[in-house]
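Peer 1: What follows is a single structure, and I will ask about it in a moment.
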Amino acid sequence: MRHVIWDWNGTLADDLPVVIDAVNVSLAAVGEQPIEAEDYRNHYTRPVREFYNRLLARPISDAEWSTIDNTFHKTYVDWLDRVPLARDAEEAINRIRAAGAIQSILSMWWHDDLVPEVRRHGIHDAMVRIDGNTEDAGESKARLLEFHLEALQANGSAVMIGDAIDDAEAAKAVGVPIIMYDGGSHHWEELEALQLPIAGSLVEAVEKALSL
């Protein structure tokens, strides 16, 4: 049976506008200027500290990183009510159900924040498992994916859908196919350079995933 593993931020959750606003609050906290969406997508990478190094064209100090990380997290959580599901997320989830496949969520976002958000959007019952990060901000998504697959015993049947290059790197490291979604952190050209299937909508991503 096919098993679809969803990414959350930037994939099922259309949170890029809130992410950028929270980044700008974090930058202001260390005396830096605000950015636009284009700046974010031009510089985004993981680990997140490296994103700020690239964005500011200098290494940020440990004290700055602590301020940025804490400010971003608090601001983002305070504004969660502004984060909708992606426009076709529910339709995509329902198509997986209709196909008789199963689905789960794996995110680098903190587990204790992720689970209630999935529940708030009313899609938790569609997921056989929901896993967020329980380690630290620099944790590898590949390692979390390994744990996720082991818990689900889904090796050989799984396919991922995600928006970020670290999703692609995790899938490659673990040997899981992935469909890249052009709706989050990167430009289409960056995703295209990965030489992986790309979808412009979640419904298209599901169709590609189920056809593998």
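Ordering of the structure tokens sets the chain letters (A, B, ...); residue numbers start at 1 within each chain; ligands are numbered from 1 in the order shown.
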Go through stretch 47-96 of chain A and flag each residue having an atom no more than 9 Å from stretch 132-154 of chain A; for those, report the closest pair of atoms plus their distance in Å to one decimal, using only C-alpha atoms, ordered by chain and rising number, as CSV.
Peer 2:
residue,atom,partner,partner_atom,distance
A:Pro47,CA,A:Gly138,CA,5.7
A:Val48,CA,A:Gly138,CA,7.6
A:Arg49,CA,A:Gly138,CA,8.4
A:Asp69,CA,A:Ala137,CA,8.9
Peer 1: Convert the current residue selection to file output with C-alpha atoms, as a short mmCIF file (atom, residue, chain, number, x, y, z; two decimals), in the first residue's frame.
Peer 2:
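In the end it all went to result-v2.cif:
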data_model
loop_
_atom_site.label_atom_id
_atom_site.label_comp_id
_atom_site.auth_asym_id
_atom_site.auth_seq_id
_atom_site.Cartn_x
_atom_site.Cartn_y
_atom_site.Cartn_z
CA PRO A 47 20.19 24.69 9.41
CA VAL A 48 18.27 27.90 10.09
CA ARG A 49 21.26 29.64 11.67
CA ASP A 69 15.64 31.84 17.55
#
Peer 1: Which polymer residues have any atom within 9 Å of an atom of stretch 183-192 of chain A, counting only C-alpha atoms, with same-chain residues fewer than 6 positions away left out, as a list in words?
Peer 2: Asn9, Gly10, Thr11, Asp14, Asp15, Leu16, Glu38, Tyr40, Arg41, Asn42, His43, Tyr44, Thr45, Ala86, Gly162, Asp163, Ala164, Ile165, Ile198, Ala199, Gly200, Ser201 and Leu202 of chain A
Peer 1: Store the residues picked out above in a file with C-alpha atoms, as a PDB file, in the first residue's frame.
Peer 2:
ATOM      1  CA  ASN A   9       5.502  24.071   6.993  1.00  0.00           C
ATOM      2  CA  GLY A  10       5.331  25.438   3.462  1.00  0.00           C
ATOM      3  CA  THR A  11       3.543  22.314   2.220  1.00  0.00           C
ATOM      4  CA  ASP A  14       0.641  27.859   3.866  1.00  0.00           C
ATOM      5  CA  ASP A  15       2.736  29.742   6.395  1.00  0.00           C
ATOM      6  CA  LEU A  16       5.305  31.618   4.280  1.00  0.00           C
ATOM      7  CA  GLU A  38      12.023  37.311  -2.424  1.00  0.00           C
ATOM      8  CA  TYR A  40      13.689  34.898   2.075  1.00  0.00           C
ATOM      9  CA  ARG A  41      13.450  32.512  -0.869  1.00  0.00           C
ATOM     10  CA  ASN A  42      16.804  33.698  -2.251  1.00  0.00           C
ATOM     11  CA  HIS A  43      18.636  32.871   0.972  1.00  0.00           C
ATOM     12  CA  TYR A  44      16.665  30.084   2.645  1.00  0.00           C
ATOM     13  CA  THR A  45      18.638  27.042   3.752  1.00  0.00           C
ATOM     14  CA  ALA A  86      -2.659  25.293   1.538  1.00  0.00           C
ATOM     15  CA  GLY A 162       7.777  18.548   0.583  1.00  0.00           C
ATOM     16  CA  ASP A 163       8.751  22.047  -0.430  1.00  0.00           C
ATOM     17  CA  ALA A 164      12.329  22.419   0.801  1.00  0.00           C
ATOM     18  CA  ILE A 165      15.746  21.237  -0.275  1.00  0.00           C
ATOM     19  CA  ILE A 198       7.919  19.033  -9.160  1.00  0.00           C
ATOM     20  CA  ALA A 199       4.246  19.888  -8.661  1.00  0.00           C
ATOM     21  CA  GLY A 200       2.600  23.299  -8.710  1.00  0.00           C
ATOM     22  CA  SER A 201      -0.231  22.187  -6.421  1.00  0.00           C
ATOM     23  CA  LEU A 202      -0.749  19.615  -3.701  1.00  0.00           C
TER      24      LEU A 202
END
Peer 1: Within 8 Å of stretch 25-33 of chain A, counting only C-alpha atoms, which residues show up once you throw out same-chain ones fewer than 3 positions away? Write them as a list in words, please.
Peer 2: Asp21, Ala22, Glu64, Thr67, Ile68, Asp69, Thr71, Phe72 and Thr75 of chain A
Peer 1: Using the chain letters and numbers from this document, which residues of stretch 58-192 of chain A does DSSP assign to helix (DSSP H, G or I), as a PDB file with N, CA and C atoms, in the first residue's frame?
Peer 2:
ATOM      1  N   ASP A  62      26.588  33.912  18.812  1.00  0.00           N
ATOM      2  CA  ASP A  62      25.759  33.009  19.603  1.00  0.00           C
ATOM      3  C   ASP A  62      24.634  33.779  20.297  1.00  0.00           C
ATOM      4  N   ALA A  63      24.953  34.983  20.799  1.00  0.00           N
ATOM      5  CA  ALA A  63      23.938  35.787  21.485  1.00  0.00           C
ATOM      6  C   ALA A  63      22.845  36.219  20.501  1.00  0.00           C
ATOM      7  N   GLU A  64      23.251  36.625  19.292  1.00  0.00           N
ATOM      8  CA  GLU A  64      22.259  37.005  18.282  1.00  0.00           C
ATOM      9  C   GLU A  64      21.389  35.813  17.891  1.00  0.00           C
ATOM     10  N   TRP A  65      22.021  34.662  17.731  1.00  0.00           N
ATOM     11  CA  TRP A  65      21.257  33.476  17.347  1.00  0.00           C
ATOM     12  C   TRP A  65      20.232  33.121  18.414  1.00  0.00           C
ATOM     13  N   SER A  66      20.612  33.212  19.678  1.00  0.00           N
ATOM     14  CA  SER A  66      19.681  32.918  20.760  1.00  0.00           C
ATOM     15  C   SER A  66      18.491  33.881  20.722  1.00  0.00           C
ATOM     16  N   THR A  67      18.770  35.160  20.513  1.00  0.00           N
ATOM     17  CA  THR A  67      17.698  36.158  20.433  1.00  0.00           C
ATOM     18  C   THR A  67      16.807  35.911  19.230  1.00  0.00           C
ATOM     19  N   ILE A  68      17.414  35.664  18.071  1.00  0.00           N
ATOM     20  CA  ILE A  68      16.644  35.425  16.848  1.00  0.00           C
ATOM     21  C   ILE A  68      15.772  34.193  16.987  1.00  0.00           C
ATOM     22  N   ASP A  69      16.364  33.101  17.456  1.00  0.00           N
ATOM     23  CA  ASP A  69      15.643  31.838  17.546  1.00  0.00           C
ATOM     24  C   ASP A  69      14.460  31.947  18.504  1.00  0.00           C
ATOM     25  N   ASN A  70      14.692  32.525  19.676  1.00  0.00           N
ATOM     26  CA  ASN A  70      13.622  32.654  20.670  1.00  0.00           C
ATOM     27  C   ASN A  70      12.535  33.616  20.202  1.00  0.00           C
ATOM     28  N   THR A  71      12.952  34.733  19.578  1.00  0.00           N
ATOM     29  CA  THR A  71      11.982  35.721  19.106  1.00  0.00           C
ATOM     30  C   THR A  71      11.142  35.155  17.977  1.00  0.00           C
ATOM     31  N   PHE A  72      11.783  34.474  17.048  1.00  0.00           N
ATOM     32  CA  PHE A  72      11.040  33.895  15.929  1.00  0.00           C
ATOM     33  C   PHE A  72      10.000  32.900  16.437  1.00  0.00           C
ATOM     34  N   HIS A  73      10.422  32.003  17.294  1.00  0.00           N
ATOM     35  CA  HIS A  73       9.505  30.964  17.760  1.00  0.00           C
ATOM     36  C   HIS A  73       8.306  31.563  18.485  1.00  0.00           C
ATOM     37  N   LYS A  74       8.551  32.515  19.377  1.00  0.00           N
ATOM     38  CA  LYS A  74       7.448  33.135  20.121  1.00  0.00           C
ATOM     39  C   LYS A  74       6.508  33.863  19.166  1.00  0.00           C
ATOM     40  N   THR A  75       7.066  34.636  18.221  1.00  0.00           N
ATOM     41  CA  THR A  75       6.243  35.410  17.294  1.00  0.00           C
ATOM     42  C   THR A  75       5.424  34.496  16.405  1.00  0.00           C
ATOM     43  N   TYR A  76       6.069  33.459  15.869  1.00  0.00           N
ATOM     44  CA  TYR A  76       5.370  32.530  14.981  1.00  0.00           C
ATOM     45  C   TYR A  76       4.203  31.862  15.709  1.00  0.00           C
ATOM     46  N   VAL A  77       4.449  31.394  16.921  1.00  0.00           N
ATOM     47  CA  VAL A  77       3.395  30.728  17.689  1.00  0.00           C
ATOM     48  C   VAL A  77       2.262  31.703  18.005  1.00  0.00           C
ATOM     49  N   ASP A  78       2.591  32.956  18.316  1.00  0.00           N
ATOM     50  CA  ASP A  78       1.570  33.959  18.611  1.00  0.00           C
ATOM     51  C   ASP A  78       0.664  34.223  17.408  1.00  0.00           C
ATOM     52  N   LEU A  80      -0.121  31.953  14.933  1.00  0.00           N
ATOM     53  CA  LEU A  80      -0.560  30.723  14.278  1.00  0.00           C
ATOM     54  C   LEU A  80      -1.981  30.817  13.721  1.00  0.00           C
ATOM     55  N   ASP A  81      -2.806  31.644  14.334  1.00  0.00           N
ATOM     56  CA  ASP A  81      -4.181  31.750  13.841  1.00  0.00           C
ATOM     57  C   ASP A  81      -4.250  32.408  12.469  1.00  0.00           C
ATOM     58  N   ARG A  82      -3.129  32.960  12.006  1.00  0.00           N
ATOM     59  CA  ARG A  82      -3.064  33.557  10.668  1.00  0.00           C
ATOM     60  C   ARG A  82      -2.600  32.557   9.610  1.00  0.00           C
ATOM     61  N   ALA A  89      -5.158  21.658   0.142  1.00  0.00           N
ATOM     62  CA  ALA A  89      -4.666  20.624   1.056  1.00  0.00           C
ATOM     63  C   ALA A  89      -5.737  19.584   1.370  1.00  0.00           C
ATOM     64  N   GLU A  90      -6.933  20.031   1.682  1.00  0.00           N
ATOM     65  CA  GLU A  90      -7.974  19.068   2.049  1.00  0.00           C
ATOM     66  C   GLU A  90      -8.344  18.182   0.871  1.00  0.00           C
ATOM     67  N   GLU A  91      -8.407  18.752  -0.322  1.00  0.00           N
ATOM     68  CA  GLU A  91      -8.697  17.944  -1.507  1.00  0.00           C
ATOM     69  C   GLU A  91      -7.596  16.909  -1.731  1.00  0.00           C
ATOM     70  N   ALA A  92      -6.335  17.332  -1.557  1.00  0.00           N
ATOM     71  CA  ALA A  92      -5.217  16.407  -1.748  1.00  0.00           C
ATOM     72  C   ALA A  92      -5.265  15.269  -0.735  1.00  0.00           C
ATOM     73  N   ILE A  93      -5.552  15.597   0.525  1.00  0.00           N
ATOM     74  CA  ILE A  93      -5.658  14.588   1.580  1.00  0.00           C
ATOM     75  C   ILE A  93      -6.790  13.605   1.263  1.00  0.00           C
ATOM     76  N   ASN A  94      -7.912  14.145   0.800  1.00  0.00           N
ATOM     77  CA  ASN A  94      -9.055  13.286   0.474  1.00  0.00           C
ATOM     78  C   ASN A  94      -8.764  12.372  -0.714  1.00  0.00           C
ATOM     79  N   ARG A  95      -7.960  12.827  -1.654  1.00  0.00           N
ATOM     80  CA  ARG A  95      -7.605  11.975  -2.801  1.00  0.00           C
ATOM     81  C   ARG A  95      -6.765  10.779  -2.355  1.00  0.00           C
ATOM     82  N   ILE A  96      -5.898  11.003  -1.382  1.00  0.00           N
ATOM     83  CA  ILE A  96      -5.114   9.882  -0.852  1.00  0.00           C
ATOM     84  C   ILE A  96      -6.039   8.878  -0.180  1.00  0.00           C
ATOM     85  N   ARG A  97      -6.969   9.379   0.617  1.00  0.00           N
ATOM     86  CA  ARG A  97      -7.933   8.498   1.266  1.00  0.00           C
ATOM     87  C   ARG A  97      -8.720   7.695   0.224  1.00  0.00           C
ATOM     88  N   ALA A  98      -9.204   8.396  -0.814  1.00  0.00           N
ATOM     89  CA  ALA A  98     -10.026   7.746  -1.834  1.00  0.00           C
ATOM     90  C   ALA A  98      -9.256   6.669  -2.582  1.00  0.00           C
ATOM     91  N   HIS A 111       7.561  19.286  17.880  1.00  0.00           N
ATOM     92  CA  HIS A 111       6.469  18.316  17.959  1.00  0.00           C
ATOM     93  C   HIS A 111       5.286  18.832  18.797  1.00  0.00           C
ATOM     94  N   ASP A 112       5.606  19.443  19.935  1.00  0.00           N
ATOM     95  CA  ASP A 112       4.535  19.884  20.833  1.00  0.00           C
ATOM     96  C   ASP A 112       3.734  21.048  20.272  1.00  0.00           C
ATOM     97  N   ASP A 113       4.267  21.753  19.288  1.00  0.00           N
ATOM     98  CA  ASP A 113       3.517  22.804  18.594  1.00  0.00           C
ATOM     99  C   ASP A 113       2.793  22.243  17.376  1.00  0.00           C
ATOM    100  N   LEU A 114       3.423  21.284  16.718  1.00  0.00           N
ATOM    101  CA  LEU A 114       2.874  20.722  15.489  1.00  0.00           C
ATOM    102  C   LEU A 114       1.552  19.993  15.716  1.00  0.00           C
ATOM    103  N   VAL A 115       1.530  19.117  16.677  1.00  0.00           N
ATOM    104  CA  VAL A 115       0.361  18.244  16.858  1.00  0.00           C
ATOM    105  C   VAL A 115      -0.927  19.039  17.081  1.00  0.00           C
ATOM    106  N   PRO A 116      -0.946  20.030  18.001  1.00  0.00           N
ATOM    107  CA  PRO A 116      -2.191  20.790  18.154  1.00  0.00           C
ATOM    108  C   PRO A 116      -2.576  21.606  16.919  1.00  0.00           C
ATOM    109  N   GLU A 117      -1.588  22.023  16.121  1.00  0.00           N
ATOM    110  CA  GLU A 117      -1.909  22.772  14.908  1.00  0.00           C
ATOM    111  C   GLU A 117      -2.588  21.879  13.877  1.00  0.00           C
ATOM    112  N   VAL A 118      -2.075  20.664  13.716  1.00  0.00           N
ATOM    113  CA  VAL A 118      -2.712  19.719  12.795  1.00  0.00           C
ATOM    114  C   VAL A 118      -4.135  19.451  13.263  1.00  0.00           C
ATOM    115  N   ARG A 119      -4.309  19.300  14.565  1.00  0.00           N
ATOM    116  CA  ARG A 119      -5.647  19.065  15.128  1.00  0.00           C
ATOM    117  C   ARG A 119      -6.551  20.282  14.909  1.00  0.00           C
ATOM    118  N   ARG A 120      -6.002  21.486  15.082  1.00  0.00           N
ATOM    119  CA  ARG A 120      -6.804  22.702  14.900  1.00  0.00           C
ATOM    120  C   ARG A 120      -7.371  22.790  13.492  1.00  0.00           C
ATOM    121  N   HIS A 124      -6.160  15.818  11.543  1.00  0.00           N
ATOM    122  CA  HIS A 124      -5.369  14.845  12.306  1.00  0.00           C
ATOM    123  C   HIS A 124      -5.886  13.422  12.127  1.00  0.00           C
ATOM    124  N   ASP A 125      -7.197  13.279  11.959  1.00  0.00           N
ATOM    125  CA  ASP A 125      -7.752  11.932  11.829  1.00  0.00           C
ATOM    126  C   ASP A 125      -7.356  11.254  10.518  1.00  0.00           C
ATOM    127  N   ALA A 126      -6.894  12.042   9.547  1.00  0.00           N
ATOM    128  CA  ALA A 126      -6.473  11.473   8.267  1.00  0.00           C
ATOM    129  C   ALA A 126      -5.062  10.895   8.338  1.00  0.00           C
ATOM    130  N   LYS A 141      16.810  16.254   9.234  1.00  0.00           N
ATOM    131  CA  LYS A 141      15.513  15.687   8.866  1.00  0.00           C
ATOM    132  C   LYS A 141      15.666  14.236   8.423  1.00  0.00           C
ATOM    133  N   ALA A 142      16.814  13.885   7.864  1.00  0.00           N
ATOM    134  CA  ALA A 142      17.044  12.499   7.458  1.00  0.00           C
ATOM    135  C   ALA A 142      16.948  11.574   8.672  1.00  0.00           C
ATOM    136  N   ARG A 143      17.495  11.990   9.790  1.00  0.00           N
ATOM    137  CA  ARG A 143      17.439  11.163  10.998  1.00  0.00           C
ATOM    138  C   ARG A 143      16.001  11.022  11.482  1.00  0.00           C
ATOM    139  N   LEU A 144      15.251  12.121  11.470  1.00  0.00           N
ATOM    140  CA  LEU A 144      13.848  12.049  11.875  1.00  0.00           C
ATOM    141  C   LEU A 144      13.037  11.184  10.911  1.00  0.00           C
ATOM    142  N   LEU A 145      13.379  11.244   9.623  1.00  0.00           N
ATOM    143  CA  LEU A 145      12.685  10.419   8.634  1.00  0.00           C
ATOM    144  C   LEU A 145      12.945   8.936   8.896  1.00  0.00           C
ATOM    145  N   GLU A 146      14.169   8.600   9.255  1.00  0.00           N
ATOM    146  CA  GLU A 146      14.482   7.204   9.585  1.00  0.00           C
ATOM    147  C   GLU A 146      13.598   6.709  10.730  1.00  0.00           C
ATOM    148  N   PHE A 147      13.488   7.518  11.791  1.00  0.00           N
ATOM    149  CA  PHE A 147      12.656   7.143  12.931  1.00  0.00           C
ATOM    150  C   PHE A 147      11.191   7.016  12.511  1.00  0.00           C
ATOM    151  N   HIS A 148      10.745   7.946  11.674  1.00  0.00           N
ATOM    152  CA  HIS A 148       9.351   7.964  11.207  1.00  0.00           C
ATOM    153  C   HIS A 148       9.035   6.674  10.438  1.00  0.00           C
ATOM    154  N   LEU A 149       9.924   6.307   9.530  1.00  0.00           N
ATOM    155  CA  LEU A 149       9.721   5.093   8.728  1.00  0.00           C
ATOM    156  C   LEU A 149       9.752   3.841   9.594  1.00  0.00           C
ATOM    157  N   GLU A 150      10.670   3.812  10.546  1.00  0.00           N
ATOM    158  CA  GLU A 150      10.759   2.652  11.429  1.00  0.00           C
ATOM    159  C   GLU A 150       9.481   2.498  12.253  1.00  0.00           C
ATOM    160  N   ALA A 151       8.971   3.618  12.754  1.00  0.00           N
ATOM    161  CA  ALA A 151       7.763   3.563  13.578  1.00  0.00           C
ATOM    162  C   ALA A 151       6.562   3.088  12.772  1.00  0.00           C
ATOM    163  N   LEU A 152       6.543   3.437  11.491  1.00  0.00           N
ATOM    164  CA  LEU A 152       5.407   3.088  10.637  1.00  0.00           C
ATOM    165  C   LEU A 152       5.609   1.786   9.878  1.00  0.00           C
ATOM    166  N   ILE A 165      14.601  22.036   0.137  1.00  0.00           N
ATOM    167  CA  ILE A 165      15.746  21.237  -0.275  1.00  0.00           C
ATOM    168  C   ILE A 165      16.124  20.238   0.805  1.00  0.00           C
ATOM    169  N   ASP A 166      15.938  20.592   2.083  1.00  0.00           N
ATOM    170  CA  ASP A 166      16.269  19.619   3.127  1.00  0.00           C
ATOM    171  C   ASP A 166      15.318  18.428   3.109  1.00  0.00           C
ATOM    172  N   ASP A 167      14.092  18.619   2.594  1.00  0.00           N
ATOM    173  CA  ASP A 167      13.207  17.467   2.388  1.00  0.00           C
ATOM    174  C   ASP A 167      13.817  16.527   1.349  1.00  0.00           C
ATOM    175  N   ALA A 168      14.303  17.122   0.254  1.00  0.00           N
ATOM    176  CA  ALA A 168      14.906  16.317  -0.817  1.00  0.00           C
ATOM    177  C   ALA A 168      16.150  15.596  -0.326  1.00  0.00           C
ATOM    178  N   GLU A 169      16.975  16.293   0.467  1.00  0.00           N
ATOM    179  CA  GLU A 169      18.200  15.686   0.978  1.00  0.00           C
ATOM    180  C   GLU A 169      17.883  14.536   1.936  1.00  0.00           C
ATOM    181  N   ALA A 170      16.855  14.715   2.766  1.00  0.00           N
ATOM    182  CA  ALA A 170      16.461  13.651   3.690  1.00  0.00           C
ATOM    183  C   ALA A 170      15.953  12.439   2.927  1.00  0.00           C
ATOM    184  N   ALA A 171      15.117  12.679   1.918  1.00  0.00           N
ATOM    185  CA  ALA A 171      14.578  11.575   1.117  1.00  0.00           C
ATOM    186  C   ALA A 171      15.692  10.810   0.424  1.00  0.00           C
ATOM    187  N   LYS A 172      16.648  11.534  -0.138  1.00  0.00           N
ATOM    188  CA  LYS A 172      17.768  10.886  -0.820  1.00  0.00           C
ATOM    189  C   LYS A 172      18.602  10.057   0.151  1.00  0.00           C
ATOM    190  N   ALA A 173      18.859  10.617   1.335  1.00  0.00           N
ATOM    191  CA  ALA A 173      19.696   9.930   2.320  1.00  0.00           C
ATOM    192  C   ALA A 173      19.070   8.615   2.779  1.00  0.00           C
ATOM    193  N   VAL A 174      17.746   8.576   2.821  1.00  0.00           N
ATOM    194  CA  VAL A 174      17.046   7.406   3.339  1.00  0.00           C
ATOM    195  C   VAL A 174      16.552   6.496   2.209  1.00  0.00           C
ATOM    196  N   TRP A 188      11.208  27.929  -8.101  1.00  0.00           N
ATOM    197  CA  TRP A 188      11.055  26.788  -9.008  1.00  0.00           C
ATOM    198  C   TRP A 188      12.402  26.365  -9.576  1.00  0.00           C
ATOM    199  N   GLU A 189      13.232  27.341  -9.953  1.00  0.00           N
ATOM    200  CA  GLU A 189      14.526  27.031 -10.564  1.00  0.00           C
ATOM    201  C   GLU A 189      15.416  26.228  -9.624  1.00  0.00           C
ATOM    202  N   GLU A 190      15.361  26.550  -8.334  1.00  0.00           N
ATOM    203  CA  GLU A 190      16.147  25.781  -7.360  1.00  0.00           C
ATOM    204  C   GLU A 190      15.643  24.347  -7.259  1.00  0.00           C
ATOM    205  N   LEU A 191      14.333  24.187  -7.254  1.00  0.00           N
ATOM    206  CA  LEU A 191      13.764  22.844  -7.190  1.00  0.00           C
ATOM    207  C   LEU A 191      14.080  22.068  -8.460  1.00  0.00           C
ATOM    208  N   GLU A 192      14.020  22.740  -9.587  1.00  0.00           N
ATOM    209  CA  GLU A 192      14.290  22.093 -10.870  1.00  0.00           C
ATOM    210  C   GLU A 192      15.715  21.551 -10.918  1.00  0.00           C
TER     211      GLU A 192
END
Peer 1: Excluding stretch 176-178 of chain A and its own-chain neighbours fewer than 3 positions away, which residues fall within 6 Å of it when counting only C-alpha atoms? Please give them as an mmCIF file with N, CA and C atoms, in the first residue's frame.
Peer 2:
data_model
loop_
_atom_site.group_PDB
_atom_site.id
_atom_site.type_symbol
_atom_site.label_atom_id
_atom_site.label_comp_id
_atom_site.auth_asym_id
_atom_site.auth_seq_id
_atom_site.Cartn_x
_atom_site.Cartn_y
_atom_site.Cartn_z
ATOM 1 N N VAL A 159 6.428 7.559 -0.035
ATOM 2 C CA VAL A 159 6.852 8.651 -0.907
ATOM 3 C C VAL A 159 6.594 9.942 -0.139
ATOM 4 N N MET A 160 7.520 10.889 -0.241
ATOM 5 C CA MET A 160 7.381 12.160 0.467
ATOM 6 C C MET A 160 6.840 13.241 -0.460
ATOM 7 N N ILE A 161 6.189 14.221 0.147
ATOM 8 C CA ILE A 161 5.826 15.465 -0.534
ATOM 9 C C ILE A 161 6.327 16.604 0.348
ATOM 10 N N ALA A 171 15.117 12.679 1.918
ATOM 11 C CA ALA A 171 14.578 11.575 1.117
ATOM 12 C C ALA A 171 15.692 10.810 0.424
#
Peer 1: When you draw a straight line from atom CA of A:Arg2 to atom CA of A:Trp110, how long is it in Å?
Peer 2: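 Here the two named atoms are 26.6 Å from each other.
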Peer 1: Which of stretch 105-212 of chain A counts as strand (DSSP E or B) under DSSP, as a PyMOL selection string please?
Peer 2: chain A and resi 105-110+130-133+158-162+178-181+198-199
Peer 1: Rounded to one decimal in Å, what is the spacing between atom CA of A:Ile102 and atom CA of A:Gly156?
Peer 2: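 Separation between atom CA of A:Ile102 and atom CA of A:Gly156: 13.5 Å.
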Peer 1: State, in Å with one decimal place, the distance from atom CA of A:Val19 to atom CA of A:Ile60.
Peer 2: 19.4 Å
Peer 1: Hey, which of A:Ile123, A:Ala101, A:Leu56, A:Ala209 ends up closest to A:Ala13? Count only C-alpha atoms.
Peer 2: A:Ile123
